Each structure stands twice: as structure tokens, then as C-alpha cells.
>>> print(open('entry-v3.txt').read())   # compact mmCIF, C-alpha atoms and all ligand atoms
# COMPACT_ATOMS: atom_id res chain seq x y z
CA MET A 1 142.89 42.46 -28.38
CA LYS A 2 140.66 41.07 -25.63
CA ALA A 3 137.74 42.88 -24.00
CA LYS A 4 134.89 42.05 -21.67
CA ALA A 5 131.51 42.05 -23.40
CA ALA A 6 127.91 40.84 -22.92
CA VAL A 7 127.04 38.31 -25.60
CA VAL A 8 123.76 36.83 -26.81
CA ASN A 9 124.61 33.22 -27.71
CA GLU A 10 121.05 31.89 -28.04
CA PHE A 11 117.64 33.62 -27.98
CA ASN A 12 115.86 33.68 -24.63
CA GLU A 13 118.97 32.71 -22.72
CA LYS A 14 120.89 34.93 -20.34
CA LEU A 15 123.58 37.05 -21.92
CA GLU A 16 127.05 35.72 -21.23
CA VAL A 17 129.55 38.27 -19.90
CA LYS A 18 132.93 37.09 -21.11
CA GLU A 19 136.23 37.99 -22.76
CA VAL A 20 135.88 38.39 -26.50
CA THR A 21 138.40 39.12 -29.23
CA ILE A 22 138.13 42.59 -30.74
CA SER A 23 139.55 42.89 -34.25
CA LYS A 24 141.88 45.68 -35.30
CA PRO A 25 140.07 48.59 -36.96
CA GLY A 26 140.13 48.03 -40.72
CA LEU A 27 139.68 50.39 -43.65
CA GLY A 28 137.47 53.31 -42.58
CA GLU A 29 137.04 51.91 -39.08
CA ILE A 30 137.88 53.11 -35.59
CA LEU A 31 138.44 51.38 -32.27
CA VAL A 32 136.42 52.95 -29.46
CA LYS A 33 137.00 52.47 -25.73
CA MET A 34 133.48 52.54 -24.33
CA GLU A 35 132.56 54.78 -21.40
CA ALA A 36 128.80 54.22 -21.33
CA CYS A 37 126.01 52.47 -23.20
CA GLY A 38 122.26 52.84 -22.68
CA VAL A 39 120.07 49.74 -22.58
CA CYS A 40 117.25 50.04 -25.13
CA HIS A 41 114.19 47.80 -25.34
CA THR A 42 115.51 46.86 -28.79
CA ASP A 43 118.41 45.08 -27.04
CA LEU A 44 115.80 42.99 -25.24
CA HIS A 45 114.01 42.24 -28.54
CA ALA A 46 117.41 41.18 -29.95
CA ALA A 47 118.14 38.87 -27.01
CA GLN A 48 114.68 37.33 -27.34
CA GLY A 49 114.73 37.04 -31.13
CA ASP A 50 111.34 38.81 -31.14
CA TRP A 51 111.31 40.23 -34.65
CA PRO A 52 110.80 38.71 -38.12
CA VAL A 53 114.38 39.71 -39.01
CA LYS A 54 116.75 38.13 -36.46
CA PRO A 55 120.11 39.45 -35.30
CA LYS A 56 123.30 37.57 -36.11
CA LEU A 57 124.29 35.10 -33.40
CA PRO A 58 126.33 35.37 -31.34
CA VAL A 59 125.84 39.13 -31.07
CA ILE A 60 127.02 41.83 -28.69
CA PRO A 61 124.01 44.20 -28.29
CA GLY A 62 124.19 47.92 -27.55
CA HIS A 63 123.51 50.93 -29.80
CA GLU A 64 123.54 53.83 -27.33
CA GLY A 65 127.31 53.67 -26.81
CA VAL A 66 129.58 56.59 -25.95
CA GLY A 67 133.35 56.25 -25.89
CA ILE A 68 136.76 57.62 -26.80
CA VAL A 69 138.53 56.78 -30.05
CA GLU A 70 141.68 54.85 -29.21
CA GLU A 71 142.89 53.82 -32.65
CA ILE A 72 142.01 54.68 -36.24
CA GLY A 73 142.15 52.35 -39.22
CA GLU A 74 143.47 53.01 -42.69
CA GLY A 75 141.83 55.84 -44.62
CA VAL A 76 140.16 57.53 -41.64
CA THR A 77 140.57 61.29 -41.91
CA SER A 78 137.45 62.71 -40.29
CA ILE A 79 138.11 61.40 -36.80
CA LYS A 80 141.19 61.37 -34.64
CA VAL A 81 142.41 59.50 -31.61
CA GLY A 82 140.90 61.05 -28.47
CA ASP A 83 137.61 62.14 -30.09
CA ARG A 84 134.43 61.25 -28.20
CA VAL A 85 131.96 59.40 -30.40
CA GLY A 86 128.63 57.58 -30.22
CA ILE A 87 127.88 54.06 -31.49
CA PRO A 88 124.39 54.21 -33.05
CA TRP A 89 121.80 51.80 -34.47
CA LEU A 90 122.60 53.06 -38.00
CA PHE A 91 126.05 51.48 -37.74
CA LYS A 92 126.81 51.71 -41.44
CA ALA A 93 124.92 52.31 -44.69
CA CYS A 94 126.01 51.88 -48.31
CA GLY A 95 126.14 55.59 -49.12
CA GLU A 96 125.20 54.97 -52.74
CA CYS A 97 121.64 53.65 -53.03
CA GLU A 98 118.64 55.85 -53.84
CA PHE A 99 117.79 56.15 -50.14
CA CYS A 100 121.29 57.07 -49.01
CA LEU A 101 121.58 59.62 -51.81
CA ALA A 102 118.22 61.16 -50.93
CA GLY A 103 119.07 61.71 -47.24
CA LYS A 104 116.96 58.72 -46.24
CA GLU A 105 119.88 56.57 -45.16
CA THR A 106 117.88 54.87 -42.41
CA LEU A 107 116.03 53.07 -45.26
CA CYS A 108 119.25 51.79 -46.90
CA MET A 109 118.84 48.14 -47.91
CA ASP A 110 122.53 47.49 -47.23
CA GLN A 111 122.76 48.91 -43.73
CA LEU A 112 124.32 47.34 -40.67
CA ASN A 113 122.75 47.88 -37.25
CA GLY A 114 124.76 48.29 -34.06
CA GLY A 115 124.19 45.45 -31.62
CA TYR A 116 122.09 43.53 -34.15
CA SER A 117 123.74 42.74 -37.47
CA ALA A 118 127.07 44.16 -36.21
CA ASP A 119 128.56 43.79 -32.73
CA GLY A 120 127.59 46.75 -30.57
CA ALA A 121 128.60 48.60 -27.45
CA PHE A 122 127.84 46.26 -24.53
CA SER A 123 131.60 45.81 -24.58
CA GLU A 124 134.69 47.52 -23.20
CA TYR A 125 135.82 48.09 -26.79
CA CYS A 126 133.90 48.38 -30.05
CA VAL A 127 135.02 48.68 -33.67
CA ALA A 128 132.81 51.06 -35.65
CA SER A 129 132.58 52.82 -38.99
CA ALA A 130 134.20 56.29 -38.82
CA ASP A 131 131.63 57.80 -41.20
CA TYR A 132 128.60 56.71 -39.17
CA VAL A 133 129.54 57.30 -35.53
CA ALA A 134 127.99 60.35 -33.87
CA ARG A 135 130.11 63.29 -32.67
CA ILE A 136 129.35 63.92 -29.02
CA PRO A 137 129.10 67.61 -28.06
CA GLU A 138 131.68 68.80 -25.55
CA ASN A 139 129.65 70.00 -22.62
CA VAL A 140 127.71 66.79 -21.90
CA ASP A 141 128.23 63.84 -19.60
CA SER A 142 128.84 60.48 -21.35
CA VAL A 143 126.31 58.60 -19.22
CA GLU A 144 123.59 61.24 -19.59
CA ILE A 145 124.04 61.67 -23.32
CA ALA A 146 124.05 57.92 -24.13
CA PRO A 147 120.23 57.54 -24.39
CA ILE A 148 120.08 60.36 -26.93
CA LEU A 149 121.92 58.10 -29.41
CA CYS A 150 118.78 55.99 -29.85
CA ALA A 151 115.88 57.06 -27.62
CA GLY A 152 116.64 60.71 -28.38
CA VAL A 153 117.19 60.68 -32.11
CA THR A 154 114.33 58.21 -32.67
CA THR A 155 111.68 60.23 -30.89
CA TYR A 156 113.01 63.56 -32.20
CA LYS A 157 112.64 62.22 -35.74
CA ALA A 158 109.19 60.74 -35.08
CA LEU A 159 107.98 64.12 -33.82
CA LYS A 160 109.54 65.87 -36.81
CA ILE A 161 107.70 63.69 -39.31
CA SER A 162 104.44 63.82 -37.34
CA GLY A 163 103.55 67.10 -39.02
CA ALA A 164 102.45 68.61 -35.70
CA LYS A 165 103.06 72.35 -35.31
CA PRO A 166 103.81 74.45 -32.20
CA GLY A 167 100.67 74.72 -30.11
CA ASP A 168 99.26 71.40 -31.31
CA TRP A 169 98.41 68.56 -28.97
CA VAL A 170 100.57 65.45 -29.31
CA ALA A 171 100.07 62.18 -27.41
CA ILE A 172 102.97 59.97 -26.38
CA TYR A 173 101.98 56.37 -25.64
CA GLY A 174 104.59 54.69 -23.43
CA ILE A 175 106.69 56.80 -21.04
CA GLY A 176 109.68 54.47 -20.86
CA GLY A 177 113.20 54.98 -22.19
CA LEU A 178 111.99 56.48 -25.46
CA GLY A 179 108.81 58.10 -24.19
CA HIS A 180 110.37 60.14 -21.39
CA VAL A 181 112.70 61.86 -23.86
CA ALA A 182 109.96 62.07 -26.54
CA LEU A 183 107.96 64.13 -24.08
CA GLN A 184 110.85 66.54 -23.55
CA TYR A 185 111.49 66.99 -27.28
CA ALA A 186 107.77 67.55 -27.77
CA LYS A 187 107.70 70.28 -25.13
CA ALA A 188 110.88 71.86 -26.54
CA MET A 189 109.20 71.91 -29.98
CA GLY A 190 106.24 73.82 -28.55
CA PHE A 191 103.64 71.04 -28.49
CA LYS A 192 101.09 70.40 -25.77
CA VAL A 193 101.65 66.87 -24.57
CA VAL A 194 99.47 64.03 -23.36
CA ALA A 195 101.49 61.26 -21.71
CA VAL A 196 99.92 57.79 -21.55
CA ASP A 197 101.36 54.83 -19.65
CA ILE A 198 99.96 52.00 -17.56
CA GLN A 199 102.14 52.69 -14.53
CA ASP A 200 101.67 55.59 -12.13
CA ASP A 201 105.40 56.11 -11.45
CA LYS A 202 105.99 56.69 -15.18
CA LEU A 203 103.20 59.26 -15.16
CA THR A 204 104.63 61.00 -12.11
CA LEU A 205 107.88 61.34 -14.04
CA ALA A 206 105.92 62.58 -17.07
CA LYS A 207 104.36 65.33 -14.94
CA GLU A 208 107.76 66.34 -13.59
CA LEU A 209 109.01 66.56 -17.16
CA GLY A 210 106.21 68.91 -18.13
CA ALA A 211 103.37 66.76 -19.53
CA ASP A 212 100.19 68.84 -19.82
CA LEU A 213 97.92 65.84 -19.31
CA THR A 214 98.74 62.35 -18.00
CA ILE A 215 96.54 59.29 -18.38
CA ASN A 216 96.88 55.85 -16.86
CA GLY A 217 95.60 53.62 -19.66
CA LYS A 218 94.91 50.85 -17.18
CA ASN A 219 92.24 52.75 -15.22
CA THR A 220 90.99 55.24 -17.81
CA ASP A 221 90.19 54.89 -21.50
CA PRO A 222 92.85 57.20 -22.99
CA VAL A 223 90.90 57.68 -26.23
CA GLU A 224 87.81 58.98 -24.43
CA LYS A 225 89.82 61.16 -22.10
CA ILE A 226 91.89 62.63 -24.94
CA LYS A 227 88.77 63.39 -27.01
CA GLU A 228 87.16 64.98 -23.96
CA GLU A 229 90.13 67.14 -22.94
CA THR A 230 91.67 68.05 -26.30
CA GLY A 231 89.11 67.19 -28.97
CA GLY A 232 91.65 64.73 -30.38
CA VAL A 233 95.40 65.19 -30.79
CA GLN A 234 97.10 66.33 -33.98
CA SER A 235 99.52 63.44 -33.70
CA SER A 236 100.10 60.43 -31.54
CA ILE A 237 103.40 58.62 -31.23
CA SER A 238 103.36 55.07 -29.91
CA VAL A 239 106.59 53.94 -28.29
CA ALA A 240 104.92 51.26 -26.17
CA VAL A 241 105.50 47.57 -26.81
CA THR A 242 101.84 46.49 -26.79
CA LYS A 243 99.28 46.33 -29.55
CA VAL A 244 96.57 48.02 -27.50
CA ALA A 245 98.63 51.22 -27.18
CA PHE A 246 98.89 51.42 -30.99
CA GLU A 247 95.14 50.96 -31.39
CA GLN A 248 94.48 53.67 -28.82
CA ALA A 249 97.07 55.92 -30.47
CA TYR A 250 95.24 55.51 -33.77
CA HIS A 251 91.87 56.44 -32.28
CA SER A 252 93.25 59.45 -30.34
CA VAL A 253 93.98 61.63 -33.36
CA LYS A 254 91.63 64.25 -34.75
CA ARG A 255 90.72 64.76 -38.40
CA GLY A 256 93.81 65.38 -40.51
CA GLY A 257 96.03 63.98 -37.80
CA SER A 258 98.85 61.46 -37.91
CA VAL A 259 99.77 58.31 -36.04
CA VAL A 260 103.49 57.55 -35.85
CA LEU A 261 104.45 53.95 -35.12
CA VAL A 262 107.78 53.65 -33.32
CA GLY A 263 107.57 50.87 -30.74
CA LEU A 264 108.14 47.42 -32.14
CA PRO A 265 105.88 44.70 -30.75
CA ASN A 266 105.76 41.92 -33.35
CA ASP A 267 102.04 42.48 -33.93
CA GLU A 268 99.37 44.06 -36.13
CA ILE A 269 96.59 46.60 -35.64
CA PRO A 270 93.42 46.94 -37.68
CA VAL A 271 93.30 50.24 -39.58
CA PRO A 272 89.65 51.05 -40.36
CA ILE A 273 89.53 52.07 -44.02
CA PHE A 274 86.40 54.23 -43.84
CA ASP A 275 87.55 56.32 -40.86
CA THR A 276 91.08 56.67 -42.19
CA VAL A 277 89.81 57.94 -45.55
CA LEU A 278 87.03 60.17 -44.29
CA ASN A 279 89.12 61.65 -41.49
CA GLY A 280 92.23 62.07 -43.63
CA VAL A 281 94.39 60.31 -41.05
CA SER A 282 97.90 59.22 -41.94
CA VAL A 283 99.71 56.28 -40.38
CA LYS A 284 103.51 56.39 -40.61
CA GLY A 285 106.40 54.25 -39.47
CA SER A 286 109.54 55.92 -38.17
CA ILE A 287 112.93 54.27 -37.74
CA VAL A 288 115.71 55.99 -35.73
CA GLY A 289 117.11 59.02 -37.60
CA THR A 290 119.78 60.04 -40.08
CA ARG A 291 123.18 61.39 -39.09
CA LYS A 292 121.76 64.87 -39.55
CA ASP A 293 118.82 64.10 -37.24
CA MET A 294 121.38 62.76 -34.76
CA GLN A 295 123.35 66.01 -34.78
CA GLU A 296 120.18 67.99 -34.15
CA ALA A 297 118.91 65.64 -31.43
CA LEU A 298 122.28 65.82 -29.64
CA GLN A 299 122.24 69.62 -29.86
CA PHE A 300 118.91 69.77 -28.01
CA ALA A 301 120.58 67.87 -25.17
CA ALA A 302 123.75 69.99 -25.32
CA ASP A 303 121.55 73.10 -25.07
CA GLY A 304 119.92 71.67 -21.93
CA LYS A 305 116.46 71.35 -23.49
CA VAL A 306 116.35 67.56 -23.14
CA LYS A 307 117.93 65.44 -20.43
CA ALA A 308 117.56 61.69 -20.09
CA ILE A 309 116.74 60.45 -16.59
CA VAL A 310 119.37 57.78 -16.03
CA SER A 311 120.43 55.21 -13.50
CA THR A 312 123.67 53.29 -13.96
CA ALA A 313 124.57 49.61 -13.89
CA LYS A 314 127.65 47.48 -14.49
CA LEU A 315 128.08 45.31 -17.57
CA GLU A 316 128.06 42.24 -15.28
CA ASN A 317 124.50 43.09 -14.24
CA ILE A 318 123.04 43.30 -17.75
CA ASN A 319 120.73 40.33 -17.16
CA ASP A 320 119.19 42.03 -14.11
CA VAL A 321 118.67 45.20 -16.16
CA LEU A 322 116.92 43.26 -18.95
CA ASN A 323 114.82 41.43 -16.37
CA ASP A 324 113.73 44.77 -14.86
CA MET A 325 112.85 45.94 -18.37
CA VAL A 326 110.67 42.87 -18.98
CA HIS A 327 108.77 43.71 -15.78
CA GLY A 328 108.48 47.44 -16.55
CA LYS A 329 110.50 48.35 -13.46
CA ILE A 330 112.80 50.91 -15.10
CA ASN A 331 112.06 54.62 -14.78
CA GLY A 332 113.85 56.53 -17.55
CA ARG A 333 116.87 54.69 -18.92
CA VAL A 334 119.51 52.38 -17.43
CA VAL A 335 122.99 53.12 -18.74
CA LEU A 336 125.88 50.68 -18.43
CA GLU A 337 128.95 52.48 -17.15
CA PHE A 338 132.38 51.07 -18.01
P1 LIG B 401 110.68 50.71 -22.40
O1 LIG B 401 110.47 49.33 -21.95
O2 LIG B 401 111.69 51.57 -21.69
O3 LIG B 401 109.30 51.52 -22.40
C1 LIG B 401 108.06 51.01 -22.78
C2 LIG B 401 107.00 51.78 -22.01
O4 LIG B 401 105.70 51.43 -22.51
C3 LIG B 401 106.98 51.47 -20.52
O5 LIG B 401 107.00 52.67 -19.78
C4 LIG B 401 105.65 50.75 -20.32
O6 LIG B 401 105.10 50.93 -19.03
C5 LIG B 401 104.82 51.40 -21.40
N1 LIG B 401 103.59 50.66 -21.76
C6 LIG B 401 103.37 49.34 -21.77
N2 LIG B 401 102.09 49.07 -22.13
C7 LIG B 401 101.51 50.27 -22.38
C8 LIG B 401 100.21 50.66 -22.78
N3 LIG B 401 99.25 49.78 -23.03
N4 LIG B 401 99.95 51.99 -22.93
C9 LIG B 401 100.91 52.91 -22.70
N5 LIG B 401 102.16 52.59 -22.31
C10 LIG B 401 102.46 51.29 -22.15
O7 LIG B 401 111.09 50.60 -23.95
P2 LIG B 401 111.88 51.64 -24.89
O8 LIG B 401 113.34 51.40 -24.78
O9 LIG B 401 111.32 52.98 -24.68
O10 LIG B 401 111.47 51.06 -26.35
C11 LIG B 401 110.11 51.05 -26.75
C12 LIG B 401 109.92 50.36 -28.08
O11 LIG B 401 110.48 51.16 -29.12
C13 LIG B 401 110.59 48.98 -28.23
O12 LIG B 401 109.74 48.12 -28.94
C14 LIG B 401 111.84 49.29 -29.03
O13 LIG B 401 112.33 48.18 -29.76
C15 LIG B 401 111.28 50.34 -29.96
N6 LIG B 401 112.29 51.20 -30.59
C16 LIG B 401 112.02 51.61 -31.86
C17 LIG B 401 112.91 52.44 -32.50
C18 LIG B 401 112.62 52.92 -33.89
O14 LIG B 401 113.54 53.47 -34.52
N7 LIG B 401 111.42 52.79 -34.39
C19 LIG B 401 114.09 52.85 -31.85
C20 LIG B 401 114.29 52.42 -30.54
C21 LIG B 401 113.38 51.60 -29.92
ZN ZN B 402 117.33 51.63 -29.40
ZN ZN B 403 122.24 52.83 -49.04
>>> encode(input="entry-v3.txt", output="C-alpha cells", more="lines below")
Ligand code: NAD
Ligand code: ZN
Ligand code: ZN
Amino acid sequence: MKAKAAVVNEFNEKLEVKEVTISKPGLGEILVKMEACGVCHTDLHAAQGDWPVKPKLPVIPGHEGVGIVEEIGEGVTSIKVGDRVGIPWLFKACGECEFCLAGKETLCMDQLNGGYSADGAFSEYCVASADYVARIPENVDSVEIAPILCAGVTTYKALKISGAKPGDWVAIYGIGGLGHVALQYAKAMGFKVVAVDIQDDKLTLAKELGADLTINGKNTDPVEKIKEETGGVQSSISVAVTKVAFEQAYHSVKRGGSVVLVGLPNDEIPVPIFDTVLNGVSVKGSIVGTRKDMQEALQFAADGKVKAIVSTAKLENINDVLNDMVHGKINGRVVLEF
């Protein structure tokens, strides 16, 4: 069948919105008619070819997709026509390697990623793997829930592995698409939250969402301010796309604390050996979340504890959305509505 989709043909060129051919769902696959898809900064990295591992080209980005199952392929028993599902970054994993077997499927060496190594949800229709799509809870709006499929599950998981406990201070660096939901998960988990960004409107949003302390990293040294106000946070999560935020995140934690790297600038930060050893600091990477994390992250939203702040756009305007993202003009998340 034919469908309208946004396609990356070459890196650093505008996406082309055009008719593409969608294959019939094969063994274990489903055909999903998309209703909404959030635009993640990862889609921008994909379109720019920013990372050491490149996406396939051409590629249809999009891994915060929500839609209705229209057709099921051979062998699909767990999902039926009419179900509402989510197209995630963890598009498919092998199910058999040591990581998959140990409940660490996001580390599978044989995984496919939605909108990167597999065509994603910036498309009227998407073919996905029945075993790996998310089940969308009933009482939520498709547009509002879309960002939970990546921004939500990713930050929920990062906070889970941070080791912070209720009552602890946690710093979130970058109050964009990921950060503004990170902050809400952090509050729901009982943490005290410092929100750091370099734009005042993002910090105004952070305050509205319950941040206990907000810092504009452009005018104030966040490390000094955090040490002064909290004595150092138990954990800092960097979801910004700049090296400096990661360095500041590192230096914001107190003894025994953790730094969780989530944002993906193609860069490096120096980790001082002496301080890391003497202060017992751990530095961890965190990549999206498993299907179990996804269920839990969606439930927080279904229970009304977390709600993405969204504005909508049409598929035809995807290049304007990405351009606004480059210039930091988006508050919350933009969701494409089909
Ligand atoms: P975004 O563009 O919506 O948000 C980035 C935010 O960082 C903006 O609010 C910006 O103002 C802020 N920022 C920029 N410089 C800063 C600084 N020096 N200090 C503090 N804040 C600063 O992007 P997003 O969609 O939230 O994605 C963020 C990053 O996370 C991207 O690199 C994306 O690829 C990555 N990501 C990682 C995972 C994962 O599983 N690890 C999942 C999704 C996205
Ligand atoms: Zn994403
Ligand atoms: Zn595997």
C-alpha cells in the first residue's frame, strides 16, 4: 500500500514528505495506522547523521508513534486489529542473547531501532514487530501519551538506575522534551529536583511542573549554586545536547552520588580519576528502557502523575519542527498529528 511519510534521503538535507510503499505485515508483524508521533531530538541526530553509528538511508524517522492496529501478520496472537499500540525506539530485539534473557534487552546486539535502523512512525502507516510495540493504556489521549514512548520511558529508567531515594536531591540538566517529563517523574518518585537549562522559558515551565530549584546555566554557575543550596545532589541526569552540561552534571553530585548520561552529543567529558575514586562517584549511561520499564512509565501517565506538555504539527511541517528544535524554540514536545 501507499502512505505519506517524511523521509531522510541524505544527511543534513530537508526531509522529503512523499508517498512511500508500505509492505504487508510479515511473520510476527503488524500494520499500524498512525494517529500521532512525537518529535525527539534523536530524530534530528538521525537526519544530521550526528552519531558514530549512522541510520540506514533512506530512513523514515519517528519512535514516539501511537496508532491503531489495522492488520496483523502471520503468527501474531498477542495483538488484535483495533488495538492501540506505540512504536518505540526498541523496535525489535533478538530475544535470545544474554542481554535479552537477563531483562536487559535494550543492550541486545541484534536490535533494530524505530526510525533509525528500521523505518519509524513519521508516516501514515508503519509496520512493526508485534512483540515489541507498547500497549497504550485506555484512558489517555494519543497525542499526549506519544512523548512517553521515548522521553518518558528514557527518563523514568534513568531515574530508576540513578540510585536516588525519596527525599534526595536530583538535578536534571536540560528541560526540553526529555527533561520536562524527567522532572515530573522525579517529583512523582519523591525526589527534590533542581532544573537546569540555559533558557528562561524552559525554567518557567520547570517551576510550573514543580521544580524545587531552577538555575539558568547561562547566567549562574549551576555547580556552585547546587553546592550552595543542596550541598550537592545525590544524582544528576544530563539530557542536554552539550558537553558543558555533562561536565556540570558531573561536578554537581555529592560524595557517593551518581551521574547518569542520557543526552547524546557526539562528544567526550574528562572524568577526574582522583575525585571519582575518593568521592565514590559513579558515572552511568542509560539507553531508553525495556518493555517492562515502558509499561511502568506509561502507567505513571495513565495515573495522571506525569503529563507531557505538547503542541501539535502536521507531517508536512516536519522540517519547520526540526528547525525550531535546532534553535531551542520548542517548549515541551511537538507531536505530529495524523
Ligand atoms: P530537546 O532539544 O527537546 O532538549 C534539550 C534541552 O537542553 C533544551 O531545553 C536546551 O535548552 C537544553 N540545553 C542546551 N544546552 C544546555 C546547557 N548547557 N545546560 C542545560 N540545558 C541545556 O532534546 P530532547 O528530545 O529532550 O533530547 C535530548 C537528548 O537526549 C538528545 O541528544 C537525544 O538524542 C537524547 N536521547 C537519549 C535517549 C537515551 O535513551 N539515552 C533517548 C532519547 C533521547
Ligand atoms: Zn527519542
Ligand atoms: Zn538480544
>>> residues_around(input="entry-v3.txt", residues="Val170 (chain A)", least_positions_apart="4", cutoff="6 Å", atoms="only C-alpha atoms", output="list of chain:residue names")
A:Val193, A:Val233, A:Gln234, A:Ser235, A:Ser236
>>> residues_near_ligand(input="entry-v3.txt", ligand="ligand LIG 401 (chain B)", cutoff="6 Å", atoms="only C-alpha atoms and all ligand atoms", output="JSON, numbers by chain")
{"A": [40, 41, 42, 150, 151, 154, 173, 174, 175, 176, 177, 178, 179, 196, 197, 198, 199, 217, 239, 240, 241, 242, 244, 245, 262, 263, 264, 265, 286, 287, 288, 325, 328]}
>>> residues_around(input="entry-v3.txt", residues="Ala128 (chain A)", least_positions_apart="4", cutoff="7 Å", atoms="all atoms listed in the file", output="PyMOL selection string")
chain A and resi 29-31
>>> closest_residue(input="entry-v3.txt", among="A:Phe99, A:Phe91, A:Trp51, A:Tyr132", to="ligand ZN 403 (chain B)", atoms="only C-alpha atoms and all ligand atoms")
A:Phe99
>>> residues_near_ligand(input="entry-v3.txt", ligand="ligand ZN 403 (chain B)", cutoff="8 Å", atoms="all atoms listed in the file", output="list in words")
Ala93, Cys94, Gly95, Glu96, Cys97, Glu98, Phe99, Cys100, Leu101, Glu105, Leu107, Cys108, Met109, Asp110 and Gln111 of chain A
>>> residues_around(input="entry-v3.txt", residues="region 137-143 of chain A", least_positions_apart="2", cutoff="6 Å", atoms="all atoms listed in the file", output="count of residues only")
3
>>> closest_residue(input="entry-v3.txt", among="A:Gly163, A:Gly67, A:Gly62, A:Pro25", to="ligand ZN 402 (chain B)", atoms="all atoms listed in the file")
A:Gly62
>>> closest_residue(input="entry-v3.txt", among="A:Leu112, A:Ile172, A:Ile226, A:Ile161", to="Lys56 (chain A)", atoms="only C-alpha atoms")
A:Leu112
>>> atom_distance(input="entry-v3.txt", atom1="CA of Glu337 (chain A)", atom2="CA of Ala158 (chain A)")
27.9 Å
